[in-house]
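Engineer: My structure is stored as my_file-v9.cif, with mmCIF, C-alpha atoms and all ligand atoms.
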data_final
#
loop_
_atom_site.label_atom_id
_atom_site.label_comp_id
_atom_site.auth_asym_id
_atom_site.auth_seq_id
_atom_site.Cartn_x
_atom_site.Cartn_y
_atom_site.Cartn_z
CA MET T 1 0.00 0.00 0.00
CA THR T 2 1.37 3.44 -0.82
CA ALA T 3 1.68 5.80 2.11
CA ALA T 4 -0.99 8.14 0.75
CA ALA T 5 -3.55 5.34 0.54
CA LYS T 6 -3.30 4.54 4.26
CA PRO T 7 -6.27 5.69 6.33
CA THR T 8 -5.96 8.39 8.95
CA MET T 9 -5.25 7.25 12.51
CA ILE T 10 -4.71 10.54 14.35
CA GLU T 11 -5.96 13.96 13.40
CA PHE T 12 -5.14 17.21 15.15
CA ARG T 13 -7.47 20.07 14.31
CA ASP T 14 -6.10 23.45 15.35
CA VAL T 15 -5.04 22.17 18.76
CA HIS T 16 -4.10 24.78 21.36
CA LYS T 17 -2.83 24.13 24.87
CA TYR T 18 -2.25 26.66 27.60
CA TYR T 19 -0.52 26.00 30.90
CA GLY T 20 -1.85 29.05 32.74
CA ASP T 21 -0.67 31.95 30.57
CA TYR T 22 1.89 29.85 28.75
CA HIS T 23 0.86 28.94 25.20
CA ALA T 24 2.48 25.51 24.81
CA LEU T 25 0.69 24.30 21.64
CA ARG T 26 -0.12 27.02 19.13
CA GLY T 27 -2.53 25.68 16.57
CA ILE T 28 -1.42 22.16 15.66
CA THR T 29 -3.11 20.80 12.54
CA ALA T 30 -1.79 17.51 11.23
CA THR T 31 -2.71 13.99 10.24
CA ILE T 32 -0.92 10.77 11.19
CA ARG T 33 -1.72 7.69 9.11
CA ALA T 34 -2.47 4.16 10.24
CA GLY T 35 0.65 2.00 10.33
CA GLU T 36 2.98 4.95 10.05
CA PHE T 37 6.21 5.43 12.00
CA PHE T 38 5.80 9.09 12.82
CA SER T 39 8.19 11.32 14.79
CA LEU T 40 7.77 14.58 16.64
CA LEU T 41 11.16 16.25 16.42
CA GLY T 42 12.27 19.52 17.96
CA PRO T 43 14.42 21.15 20.61
CA SER T 44 13.69 20.68 24.31
CA GLY T 45 10.63 22.63 25.43
CA CYS T 46 8.98 22.96 22.00
CA GLY T 47 5.88 20.98 23.04
CA LYS T 48 6.58 17.43 21.80
CA THR T 49 5.67 15.66 25.03
CA THR T 50 2.64 17.88 25.51
CA LEU T 51 1.35 16.98 22.04
CA LEU T 52 1.98 13.27 22.63
CA ARG T 53 0.12 13.45 25.92
CA THR T 54 -2.92 14.99 24.22
CA ILE T 55 -3.14 11.78 22.17
CA ALA T 56 -2.78 9.56 25.22
CA GLY T 57 -5.42 11.53 27.12
CA PHE T 58 -3.01 12.64 29.86
CA GLU T 59 -3.40 16.27 28.87
CA GLU T 60 -6.59 18.17 28.19
CA ILE T 61 -6.42 20.57 25.28
CA SER T 62 -7.56 24.18 25.57
CA SER T 63 -9.20 24.32 22.14
CA GLY T 64 -9.35 22.41 18.87
CA ALA T 65 -9.85 18.68 18.49
CA VAL T 66 -7.91 15.41 18.66
CA MET T 67 -9.43 12.54 16.67
CA ILE T 68 -8.24 8.93 16.95
CA ASP T 69 -9.41 6.40 14.40
CA GLY T 70 -12.25 8.70 13.40
CA LYS T 71 -13.49 9.32 16.94
CA HIS T 72 -13.51 12.61 18.80
CA MET T 73 -11.44 12.21 21.97
CA GLU T 74 -12.97 14.99 24.07
CA GLY T 75 -13.93 13.54 27.43
CA VAL T 76 -12.47 10.10 26.64
CA PRO T 77 -10.17 9.10 29.52
CA ALA T 78 -6.69 7.69 28.90
CA ASN T 79 -7.64 4.11 29.76
CA LYS T 80 -10.46 4.15 27.21
CA ARG T 81 -8.23 5.24 24.32
CA PRO T 82 -6.68 2.77 21.86
CA THR T 83 -3.23 4.08 22.72
CA ASN T 84 -0.39 3.07 24.99
CA MET T 85 2.67 4.96 26.07
CA VAL T 86 6.30 4.00 26.62
CA PHE T 87 7.95 6.54 28.86
CA GLN T 88 11.28 8.34 28.78
CA SER T 89 12.36 6.70 32.03
CA TYR T 90 11.07 3.19 31.40
CA ALA T 91 9.04 2.80 34.56
CA ILE T 92 9.39 -0.93 35.18
CA PHE T 93 9.10 -2.51 38.61
CA PRO T 94 12.51 -3.79 39.69
CA HIS T 95 11.10 -6.15 42.36
CA LEU T 96 8.90 -8.03 39.86
CA THR T 97 10.00 -10.57 37.28
CA VAL T 98 10.12 -9.76 33.60
CA ALA T 99 6.90 -11.73 33.00
CA GLU T 100 5.12 -9.99 35.89
CA ASN T 101 6.16 -6.62 34.52
CA VAL T 102 4.93 -7.46 31.05
CA GLY T 103 1.67 -8.95 32.34
CA PHE T 104 1.04 -5.94 34.56
CA GLY T 105 -0.93 -4.13 31.89
CA LEU T 106 -3.35 -7.05 31.64
CA ARG T 107 -4.03 -7.31 35.37
CA ARG T 108 -7.54 -5.94 34.95
CA ALA T 109 -8.38 -8.06 31.94
CA LYS T 110 -9.38 -11.13 34.03
CA LEU T 111 -7.63 -13.67 31.82
CA SER T 112 -7.02 -17.27 32.81
CA LYS T 113 -3.50 -18.12 33.87
CA ASP T 114 -2.87 -19.95 30.62
CA GLU T 115 -4.17 -17.08 28.50
CA LEU T 116 -2.06 -14.62 30.44
CA ASN T 117 1.10 -16.74 30.08
CA CYS T 118 0.42 -17.11 26.41
CA ARG T 119 0.02 -13.34 25.88
CA VAL T 120 3.14 -12.59 27.94
CA GLY T 121 5.08 -15.16 25.96
CA GLU T 122 3.94 -13.59 22.68
CA ALA T 123 4.91 -10.12 23.83
CA LEU T 124 8.35 -11.26 25.04
CA GLU T 125 8.93 -13.06 21.76
CA MET T 126 8.06 -9.87 19.86
CA VAL T 127 10.74 -7.82 21.62
CA GLY T 128 13.37 -10.57 21.53
CA LEU T 129 13.21 -11.56 25.22
CA ARG T 130 11.90 -15.10 24.83
CA GLY T 131 12.82 -17.27 27.77
CA LEU T 132 13.65 -14.38 30.07
CA GLY T 133 10.22 -14.21 31.76
CA ALA T 134 11.41 -15.54 35.12
CA ARG T 135 14.37 -13.17 35.34
CA ALA T 136 14.19 -10.44 38.00
CA ALA T 137 13.69 -7.10 36.27
CA HIS T 138 16.48 -5.43 38.28
CA ALA T 139 18.96 -7.89 36.78
CA LEU T 140 18.41 -6.59 33.26
CA SER T 141 20.59 -4.31 31.16
CA GLY T 142 19.29 -0.90 30.00
CA GLY T 143 18.44 -2.24 26.57
CA GLN T 144 16.57 -5.22 28.02
CA ARG T 145 14.57 -2.99 30.34
CA GLN T 146 13.56 -0.92 27.37
CA ARG T 147 12.31 -4.09 25.69
CA VAL T 148 10.31 -5.03 28.77
CA ALA T 149 8.67 -1.59 28.71
CA LEU T 150 7.84 -2.12 25.02
CA ALA T 151 6.43 -5.59 25.63
CA ARG T 152 4.28 -4.25 28.46
CA ALA T 153 2.83 -1.61 26.16
CA LEU T 154 2.33 -3.96 23.19
CA ILE T 155 0.61 -6.70 25.19
CA LEU T 156 -2.50 -4.52 25.36
CA LYS T 157 -2.63 -4.51 21.54
CA PRO T 158 -3.04 -0.76 21.16
CA LYS T 159 -3.73 0.81 17.75
CA VAL T 160 -1.15 3.47 18.51
CA LEU T 161 2.08 3.16 20.47
CA LEU T 162 3.37 6.44 21.90
CA LEU T 163 7.09 6.63 22.65
CA ASP T 164 8.49 9.59 24.56
CA GLU T 165 12.27 9.66 24.01
CA PRO T 166 12.43 5.93 24.80
CA LEU T 167 16.09 5.57 23.86
CA SER T 168 17.56 8.71 25.39
CA ALA T 169 18.89 6.91 28.49
CA LEU T 170 20.88 4.37 26.44
CA ASP T 171 24.47 4.77 25.33
CA LYS T 172 25.16 5.49 21.65
CA LYS T 173 25.79 1.91 20.51
CA MET T 174 22.81 0.48 22.35
CA ARG T 175 20.64 3.33 21.07
CA GLU T 176 21.58 2.64 17.45
CA GLN T 177 20.84 -1.05 17.92
CA MET T 178 17.47 -0.35 19.51
CA GLN T 179 16.61 2.08 16.70
CA VAL T 180 16.94 -0.70 14.17
CA GLU T 181 14.96 -3.09 16.39
CA LEU T 182 12.18 -0.57 16.89
CA ILE T 183 11.83 -0.12 13.13
CA LYS T 184 11.65 -3.90 12.66
CA LEU T 185 9.16 -4.21 15.51
CA GLN T 186 6.94 -1.54 14.03
CA ARG T 187 6.94 -3.26 10.64
CA GLN T 188 6.15 -6.57 12.31
CA VAL T 189 3.22 -5.39 14.44
CA GLY T 190 2.05 -2.90 11.81
CA ILE T 191 0.48 -0.44 14.25
CA THR T 192 1.08 3.32 14.34
CA PHE T 193 4.20 4.35 16.27
CA ILE T 194 4.58 7.97 17.33
CA LEU T 195 8.05 8.79 18.60
CA VAL T 196 9.12 11.93 20.42
CA THR T 197 12.79 12.78 19.97
CA HIS T 198 15.10 15.79 20.02
CA ASP T 199 17.68 13.81 18.04
CA GLN T 200 17.43 14.66 14.34
CA GLU T 201 19.50 11.68 13.26
CA GLU T 202 17.22 9.32 15.17
CA ALA T 203 14.16 10.88 13.54
CA LEU T 204 15.68 10.65 10.04
CA VAL T 205 16.71 7.02 10.49
CA MET T 206 13.45 5.77 11.95
CA SER T 207 10.52 7.69 10.54
CA ASP T 208 8.17 7.45 7.60
CA ARG T 209 7.32 11.09 8.29
CA ILE T 210 8.50 13.72 10.74
CA ALA T 211 6.86 16.81 12.19
CA VAL T 212 9.54 19.37 13.06
CA MET T 213 8.34 21.54 15.95
CA PHE T 214 9.50 24.88 17.27
CA GLU T 215 7.80 26.80 20.07
CA GLY T 216 4.50 24.98 20.02
CA GLU T 217 4.10 24.94 16.25
CA ILE T 218 4.83 22.49 13.45
CA ALA T 219 7.38 24.19 11.20
CA GLN T 220 7.41 21.42 8.58
CA LEU T 221 5.85 17.99 8.22
CA ALA T 222 7.36 15.73 5.59
CA ASP T 223 9.24 12.52 4.91
CA PRO T 224 12.94 12.45 5.92
CA GLU T 225 14.30 13.00 2.43
CA THR T 226 12.09 16.01 1.75
CA LEU T 227 12.98 17.52 5.12
CA TYR T 228 16.66 17.08 4.42
CA ARG T 229 16.69 18.11 0.76
CA ARG T 230 13.93 20.73 0.75
CA PRO T 231 13.69 22.31 4.20
CA ASN T 232 11.14 25.11 4.12
CA SER T 233 13.08 27.51 6.37
CA ARG T 234 16.61 28.19 7.47
CA LYS T 235 15.59 27.16 10.96
CA VAL T 236 14.49 23.69 9.85
CA ALA T 237 17.58 23.40 7.62
CA ASP T 238 19.80 24.25 10.57
CA PHE T 239 18.07 21.89 12.98
CA ILE T 240 18.34 18.93 10.60
CA GLY T 241 21.96 18.38 9.68
CA THR T 242 24.28 21.13 8.51
CA MET T 243 23.51 23.57 5.75
CA ASN T 244 25.68 26.25 4.14
CA PHE T 245 24.05 29.61 3.48
CA LEU T 246 25.20 32.31 1.10
CA PRO T 247 23.47 35.69 0.64
CA ALA T 248 21.52 35.83 -2.61
CA ARG T 249 19.44 38.15 -4.77
CA ILE T 250 16.42 37.13 -6.82
CA LEU T 251 16.84 38.59 -10.31
CA SER T 252 13.66 37.35 -11.94
CA GLU T 253 10.93 34.85 -11.51
CA GLY T 254 8.99 33.39 -14.41
CA GLU T 255 7.91 30.40 -16.44
CA GLN T 256 11.44 28.97 -16.72
CA GLY T 257 12.11 29.24 -13.01
CA ILE T 258 13.72 31.58 -10.52
CA GLU T 259 16.90 33.35 -11.54
CA VAL T 260 19.15 33.96 -8.59
CA GLU T 261 22.55 35.53 -8.06
CA ALA T 262 24.37 34.16 -4.99
CA GLN T 263 27.54 35.48 -3.40
CA GLY T 264 30.50 33.27 -4.35
CA LEU T 265 28.49 31.13 -6.78
CA GLY T 266 27.15 33.62 -9.32
CA ARG T 267 23.98 33.24 -11.34
CA MET T 268 21.78 30.17 -11.46
CA LEU T 269 18.32 29.14 -12.54
CA LEU T 270 16.27 27.27 -9.93
CA ASP T 271 13.08 25.27 -10.19
CA PRO T 272 10.18 26.62 -8.06
CA SER T 273 10.34 23.38 -6.00
CA GLN T 274 13.73 24.58 -4.79
CA ALA T 275 12.06 27.43 -2.92
CA PRO T 276 9.67 25.44 -0.67
CA GLY T 277 9.33 28.04 2.07
CA ALA T 278 7.36 31.22 2.57
CA ALA T 279 9.05 34.64 2.55
CA SER T 280 10.71 35.37 5.89
CA GLY T 281 11.20 39.09 5.32
CA THR T 282 14.83 38.83 6.46
CA GLY T 283 16.48 38.72 3.02
CA SER T 284 17.23 35.91 0.62
CA SER T 285 19.90 33.27 0.74
CA VAL T 286 20.76 30.03 -0.96
CA GLY T 287 21.55 26.89 1.00
CA PHE T 288 23.25 23.61 0.21
CA ARG T 289 24.42 20.59 2.20
CA PRO T 290 28.17 19.99 2.76
CA GLU T 291 28.14 16.74 0.77
CA THR T 292 26.58 18.36 -2.33
CA ALA T 293 29.71 20.41 -3.04
CA THR T 294 33.00 18.75 -3.97
CA MET T 295 36.57 19.90 -4.04
CA LEU T 296 38.21 19.26 -7.38
CA PHE T 297 41.69 17.82 -7.72
CA GLU T 298 44.08 17.81 -10.66
CA GLY T 299 42.49 16.85 -13.93
CA GLN T 300 38.93 16.95 -12.58
CA LYS T 301 36.41 19.25 -14.21
CA ALA T 302 32.85 20.23 -13.39
CA GLU T 303 30.10 22.23 -15.05
CA ARG T 304 29.99 24.71 -12.16
CA GLU T 305 33.18 25.68 -10.35
CA ALA T 306 34.08 28.30 -7.78
CA MET T 307 37.49 29.17 -6.32
CA GLY T 308 38.17 29.28 -2.62
CA THR T 309 40.70 29.00 0.19
CA VAL T 310 40.79 26.27 2.83
CA GLU T 311 40.37 27.84 6.29
CA GLU T 312 39.89 24.77 8.46
CA VAL T 313 40.45 21.02 8.12
CA VAL T 314 38.88 18.42 10.40
CA TYR T 315 40.01 14.87 9.69
CA TYR T 316 37.65 12.04 10.73
CA GLY T 317 39.37 9.06 9.15
CA ASP T 318 36.67 8.12 6.67
CA MET T 319 35.77 11.75 6.00
CA THR T 320 37.44 15.14 6.00
CA TYR T 321 35.42 18.27 6.76
CA TYR T 322 36.74 21.45 5.19
CA ASP T 323 35.79 25.05 5.83
CA VAL T 324 36.38 26.80 2.53
CA ARG T 325 35.91 30.50 1.95
CA LEU T 326 34.80 31.06 -1.60
CA ASP T 327 36.28 34.12 -3.31
CA GLY T 328 34.02 37.13 -2.87
CA THR T 329 32.27 35.80 0.26
CA GLU T 330 32.49 36.78 3.93
CA ALA T 331 32.07 33.45 5.72
CA PRO T 332 33.38 29.96 4.95
CA ILE T 333 31.18 27.08 3.80
CA ARG T 334 31.51 23.52 5.00
CA ILE T 335 32.39 20.79 2.50
CA SER T 336 32.55 17.12 3.45
CA MET T 337 34.78 14.83 1.43
CA ARG T 338 34.98 11.07 1.65
CA ASN T 339 38.60 10.01 1.97
CA VAL T 340 38.60 7.57 -0.92
CA PHE T 341 41.89 5.86 -1.60
CA GLY T 342 44.42 8.10 -3.26
CA ARG T 343 42.65 11.38 -2.56
CA PRO T 344 44.88 13.91 -0.80
CA VAL T 345 43.87 15.79 2.34
CA LEU T 346 44.43 19.51 1.86
CA GLU T 347 46.00 21.86 4.38
CA ILE T 348 44.85 25.18 5.77
CA GLY T 349 45.63 27.98 3.34
CA ALA T 350 45.45 25.79 0.22
CA ARG T 351 43.67 27.22 -2.80
CA THR T 352 41.02 24.92 -4.19
CA ARG T 353 38.38 24.62 -6.86
CA VAL T 354 34.90 23.74 -5.63
CA ALA T 355 32.30 22.02 -7.80
CA TRP T 356 28.67 22.66 -6.98
CA SER T 357 25.34 21.94 -8.58
CA PRO T 358 22.31 24.24 -8.97
CA GLY T 359 20.06 21.21 -8.44
CA ALA T 360 21.28 20.83 -4.84
CA ILE T 361 20.44 24.43 -3.94
CA VAL T 362 17.52 25.51 -1.77
CA LEU T 363 16.36 29.12 -1.95
CA PHE T 364 15.23 30.85 1.25
CA ARG T 365 13.56 34.21 0.89
N1 LIG O 1 2.45 20.76 33.54
C1 LIG O 1 3.02 21.86 33.05
N2 LIG O 1 2.79 23.08 33.61
C2 LIG O 1 3.35 24.21 33.09
N3 LIG O 1 4.15 24.23 32.02
C3 LIG O 1 4.41 23.07 31.41
C4 LIG O 1 3.87 21.82 31.88
N4 LIG O 1 4.31 20.83 31.08
C5 LIG O 1 5.09 21.42 30.14
N5 LIG O 1 5.16 22.75 30.34
C6 LIG O 1 5.89 23.71 29.51
O1 LIG O 1 5.44 23.60 28.17
C7 LIG O 1 6.53 23.65 27.26
C8 LIG O 1 6.57 22.39 26.42
O2 LIG O 1 6.92 21.30 27.24
P1 LIG O 1 7.11 19.82 26.68
O3 LIG O 1 5.92 19.47 25.88
O4 LIG O 1 7.46 18.96 27.82
O5 LIG O 1 8.37 20.03 25.70
P2 LIG O 1 9.32 18.95 25.00
O6 LIG O 1 8.76 17.61 25.23
O7 LIG O 1 9.33 19.34 23.56
O8 LIG O 1 10.68 19.14 25.61
C9 LIG O 1 7.78 23.86 28.10
O9 LIG O 1 8.09 25.23 28.10
C10 LIG O 1 7.37 23.38 29.46
O10 LIG O 1 8.09 24.07 30.46
MG MG O 2 9.61 15.93 26.25
#
Let me see the file written as structure tokens.
Structural biologist:
Amino acid sequence: MTAAAKPTMIEFRDVHKYYGDYHALRGITATIRAGEFFSLLGPSGCGKTTLLRTIAGFEEISSGAVMIDGKHMEGVPANKRPTNMVFQSYAIFPHLTVAENVGFGLRRAKLSKDELNCRVGEALEMVGLRGLGARAAHALSGGQRQRVALARALILKPKVLLLDEPLSALDKKMREQMQVELIKLQRQVGITFILVTHDQEEALVMSDRIAVMFEGEIAQLADPETLYRRPNSRKVADFIGTMNFLPARILSEGEQGIEVEAQGLGRMLLDPSQAPGAASGTGSSVGFRPETATMLFEGQKAEREAMGTVEEVVYYGDMTYYDVRLDGTEAPIRISMRNVFGRPVLEIGARTRVAWSPGAIVLFR
């Protein structure tokens, strides 16, 4: 099924939330599809957790509407919603066994012992903890605890799983491993996952679509590639990865596209899709990612070249990051180069030719 054909699972209609005078959610309108891995991404304090909690029913909204699976959620308590939440600090009970922790969510369901064991077994299998049911929860590693928390949420068979920074307490290696496992798990169970994260890399790696939030608003909602390649503002571009900006002037705009003159690069013709954002009123600039420009070495030629001087070199082994100031510009741009065999690493002060491509440019106005 193509993404667009999937039915709607969650709908926010102009959702506002005030904490006293503080306007925490400022008109959220968005749709999350059934079976989607969706992320809420933004800096700390932008309202991600608050928005997630309005889905769970832990937070009443001040105005607007939250719909889940076609039903209006006003007045529907958390335990009557088809959602379940996995918390930032995975609140598992250390004095209980793994199986008791996982079965905890079903304590009110009045199942027979056999049914309960069967459901717990299924849930443990799902998260890769088969056979660990009798283990004391306090004897588990961080990653295993996270799996127990997941199993406990999934055993209730929710339509939507809500995850509030579930991996933030894990170290980098464990986090990366759990990211891959979460993606697999989501594909396997097929339900909607909504992940809150402040980590842009995590959001890019895991999500079908991402809502980037700043100060209680969604700045852009798109799939990872669109967000990365066509950010609709400098702020989004800056939050997701690194982007170079050069001051630019719009010369003309017509049928053939937008003609732009950028400092250091000169004139170029851009497609309207390369200017996805609204006017900011703060002047125009062009942006491009560090890996879309390339330094040219002897004998190499490109359609578009600019001259510059290397101002900084950061060597990472597999990659080298250069700060290069193009002739006629005030600030250096960042260029990332893969250290393929035989390619030299330049030194500070070296003159260099830089190849760039109009197709990789985003116009901000
Ligand atoms: N219960 C509350 N009472 C008052 N202010 C709150 C409450 N919960 C959150 N806030 C404020 O609302 C804003 C958004 O918080 P939150 O949704 O937790 O952000 P995030 O999850 O993106 O870090 C923050 O400025 C926070 O201080
Ligand atoms: Mg939060």
Engineer: Between T:Tyr228, T:Phe288, T:Phe87, T:Phe214, single out the one closest to ligand LIG 1 (chain O), counting all atoms listed in the file.
Structural biologist: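 Selected residue with least distance to ligand LIG 1 (chain O): T:Phe214.
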Engineer: So which residues touch range 67-73 of chain T within 6 Å, counting all atoms listed in the file, skipping near sequence neighbours fewer than 2 positions away, as a ChimeraX atom specification?
Structural biologist: /T:9-11,76
Engineer: Quote the spacing between CA of Glu115 in chain T and CA of Leu129 in chain T in Å to one decimal place.
Structural biologist: 18.5 Å
Engineer: Near Gly27 in chain T, within 12 Å and counting all atoms listed in the file, which residues show up once chain neighbours fewer than 5 positions away are dropped, as a list in words?
Structural biologist: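 Those residues are Phe12, Arg13, Asp14, Val15, His16, Lys17, Tyr18, Gly47, Leu51, Ile61, Ser62, Ser63, Gly64, Ala65, Val66, Met213, Glu215, Gly216, Glu217, Ile218 and Ala219 of chain T.
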Engineer: Neighbours of ligand MG 2 (chain O) at 8 Å or closer, counting all atoms listed in the file: which residues, as a ChimeraX atom specification?
Structural biologist: /T:44-45,47-50,164-165,196-197
Engineer: Using all atoms listed in the file, find the one residue out of T:Val148, T:Met126, T:Ala153, T:Val310 that sits nearest to Ile335 in chain T.
Structural biologist: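 Once distances to Ile335 in chain T are computed over all atoms listed in the file, the minimum belongs to T:Val310.
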Engineer: My list of candidates is T:Ser112, T:Thr192, T:Ile250, T:Arg81. Which is closest to Pro7 in chain T when distances are computed with all atoms listed in the file?
Structural biologist: T:Thr192
Engineer: Compile the contact shell of Val212 in chain T as a list in words: residues with an atom at most 9 Å away, counting all atoms listed in the file, same-chain residues fewer than 4 positions apart removed.
Structural biologist: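 Counting all atoms listed in the file, the residues come to Ser39, Leu40, Leu41, Gly42, Glu217, Ile218, Ala219, Gln220, Leu221, Ala222, Leu227, Val236 and Phe239 of chain T.
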Engineer: Mind writing the picked residues with C-alpha atoms as a PDB file, keeping the file's coordinate frame?
Structural biologist:
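Output contents, as saved in result29.pdb:
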ATOM      1  CA  SER T  39       8.190  11.320  14.790  1.00  0.00           C
ATOM      2  CA  LEU T  40       7.770  14.580  16.640  1.00  0.00           C
ATOM      3  CA  LEU T  41      11.160  16.250  16.420  1.00  0.00           C
ATOM      4  CA  GLY T  42      12.270  19.520  17.960  1.00  0.00           C
ATOM      5  CA  GLU T 217       4.100  24.940  16.250  1.00  0.00           C
ATOM      6  CA  ILE T 218       4.830  22.490  13.450  1.00  0.00           C
ATOM      7  CA  ALA T 219       7.380  24.190  11.200  1.00  0.00           C
ATOM      8  CA  GLN T 220       7.410  21.420   8.580  1.00  0.00           C
ATOM      9  CA  LEU T 221       5.850  17.990   8.220  1.00  0.00           C
ATOM     10  CA  ALA T 222       7.360  15.730   5.590  1.00  0.00           C
ATOM     11  CA  LEU T 227      12.980  17.520   5.120  1.00  0.00           C
ATOM     12  CA  VAL T 236      14.490  23.690   9.850  1.00  0.00           C
ATOM     13  CA  PHE T 239      18.070  21.890  12.980  1.00  0.00           C
TER      14      PHE T 239
END
Engineer: Can you tell me, as a PyMOL selection string, what residues are no more than 10 Å from Glu100 in chain T when counting all atoms listed in the file, ignoring any on the same chain fewer than 3 positions away?
Structural biologist: chain T and resi 93+95-97+103-107+117+120+133-137+152
Engineer: Nearest to ligand LIG 1 (chain O) among T:Leu195, T:Leu154, T:Met243, T:Val286, with distances taken over only C-alpha atoms and all ligand atoms: which residue is it?
Structural biologist: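 Of all the options, T:Leu195 lies closest to ligand LIG 1 (chain O).
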Engineer: Separation of CA of Ala5 in chain T and CA of Thr54 in chain T, in Å?
Structural biologist: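 Interatomic distance, CA of Ala5 in chain T to CA of Thr54 in chain T: 25.6 Å.
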Engineer: Which of these residues is nearest to ligand LIG 1 (chain O), using all atoms listed in the file: T:Pro82, T:Gly20, T:Pro247, T:Pro166?
Structural biologist: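 Between T:Pro82, T:Gly20, T:Pro247, T:Pro166, the residue approaching ligand LIG 1 (chain O) most closely is T:Gly20.
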Engineer: Counting only C-alpha atoms and all ligand atoms, which of T:Arg53, T:Lys157, T:Arg343, T:Lys6 gets nearest to ligand LIG 1 (chain O)?
Structural biologist: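 Among the listed residues, T:Arg53 lies closest to ligand LIG 1 (chain O).
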Engineer: Excluding range 256-273 of chain T and residues on its chain fewer than 3 positions from it, collect all residues at most 12 Å away from it, counting all atoms listed in the file, and give them as a ChimeraX atom specification.
Structural biologist: /T:226,229-232,245-253,276-278,284-288,293,304-309,324-333,353-365
Engineer: Kindly list the centre and edge lengths in Å, rounded to one decimal, for the axis-aligned box that covers all listed atoms of range 125-129 of chain T plus 6 Å on each of its six sides, as lines of an AutoDock Vina configuration file.
Structural biologist:
center_x = 10.7
center_y = -10.4
center_z = 22.5
size_x = 17.3
size_y = 17.2
size_z = 17.4
Engineer: Expressed in Å to a single decimal, how great is the separation between atom C6 of ligand LIG 1 (chain O) and CA of Arg209 in chain T?
Structural biologist: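 Atom-to-atom, atom C6 of ligand LIG 1 (chain O) and CA of Arg209 in chain T are spaced 24.7 Å apart.
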Engineer: Which residues, protein or nucleic acid, reach to within 6 Å of (25.9, 23.1, 5.7) in the file's coordinates when using only C-alpha atoms, and can you give that as a ChimeraX atom specification?
Structural biologist: /T:242-244,289-290,334
Engineer: N, CA, C and O atoms are needed for range 25-35 of chain T; please write them out as a compact mmCIF listing (two decimals), in the frame of the given file.
Structural biologist:
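File produced: selection_8.txt:
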# COMPACT_ATOMS: atom_id res chain seq x y z
N LEU T 25 0.99 24.78 23.00
CA LEU T 25 0.69 24.30 21.64
C LEU T 25 -0.10 25.40 20.93
O LEU T 25 -1.13 25.85 21.42
N ARG T 26 0.41 25.82 19.77
CA ARG T 26 -0.12 27.02 19.13
C ARG T 26 -0.76 26.72 17.78
O ARG T 26 -0.27 27.14 16.74
N GLY T 27 -1.81 25.94 17.81
CA GLY T 27 -2.53 25.68 16.57
C GLY T 27 -1.91 24.55 15.78
O GLY T 27 -1.37 24.75 14.70
N ILE T 28 -1.98 23.34 16.34
CA ILE T 28 -1.42 22.16 15.66
C ILE T 28 -2.50 21.55 14.78
O ILE T 28 -3.56 21.15 15.27
N THR T 29 -2.23 21.48 13.48
CA THR T 29 -3.11 20.80 12.54
C THR T 29 -2.26 19.80 11.77
O THR T 29 -1.29 20.20 11.13
N ALA T 30 -2.60 18.53 11.89
CA ALA T 30 -1.79 17.51 11.23
C ALA T 30 -2.53 16.18 11.23
O ALA T 30 -3.45 15.98 12.02
N THR T 31 -2.11 15.31 10.35
CA THR T 31 -2.71 13.99 10.24
C THR T 31 -1.62 12.93 10.31
O THR T 31 -0.58 13.07 9.67
N ILE T 32 -1.85 11.90 11.11
CA ILE T 32 -0.92 10.77 11.19
C ILE T 32 -1.66 9.54 10.68
O ILE T 32 -2.80 9.30 11.06
N ARG T 33 -1.03 8.79 9.78
CA ARG T 33 -1.72 7.69 9.11
C ARG T 33 -1.58 6.38 9.87
O ARG T 33 -0.62 6.17 10.61
N ALA T 34 -2.51 5.49 9.62
CA ALA T 34 -2.47 4.16 10.24
C ALA T 34 -1.22 3.42 9.76
O ALA T 34 -0.88 3.45 8.58
N GLY T 35 -0.51 2.80 10.69
CA GLY T 35 0.65 2.00 10.33
C GLY T 35 1.91 2.79 10.05
O GLY T 35 2.91 2.24 9.62
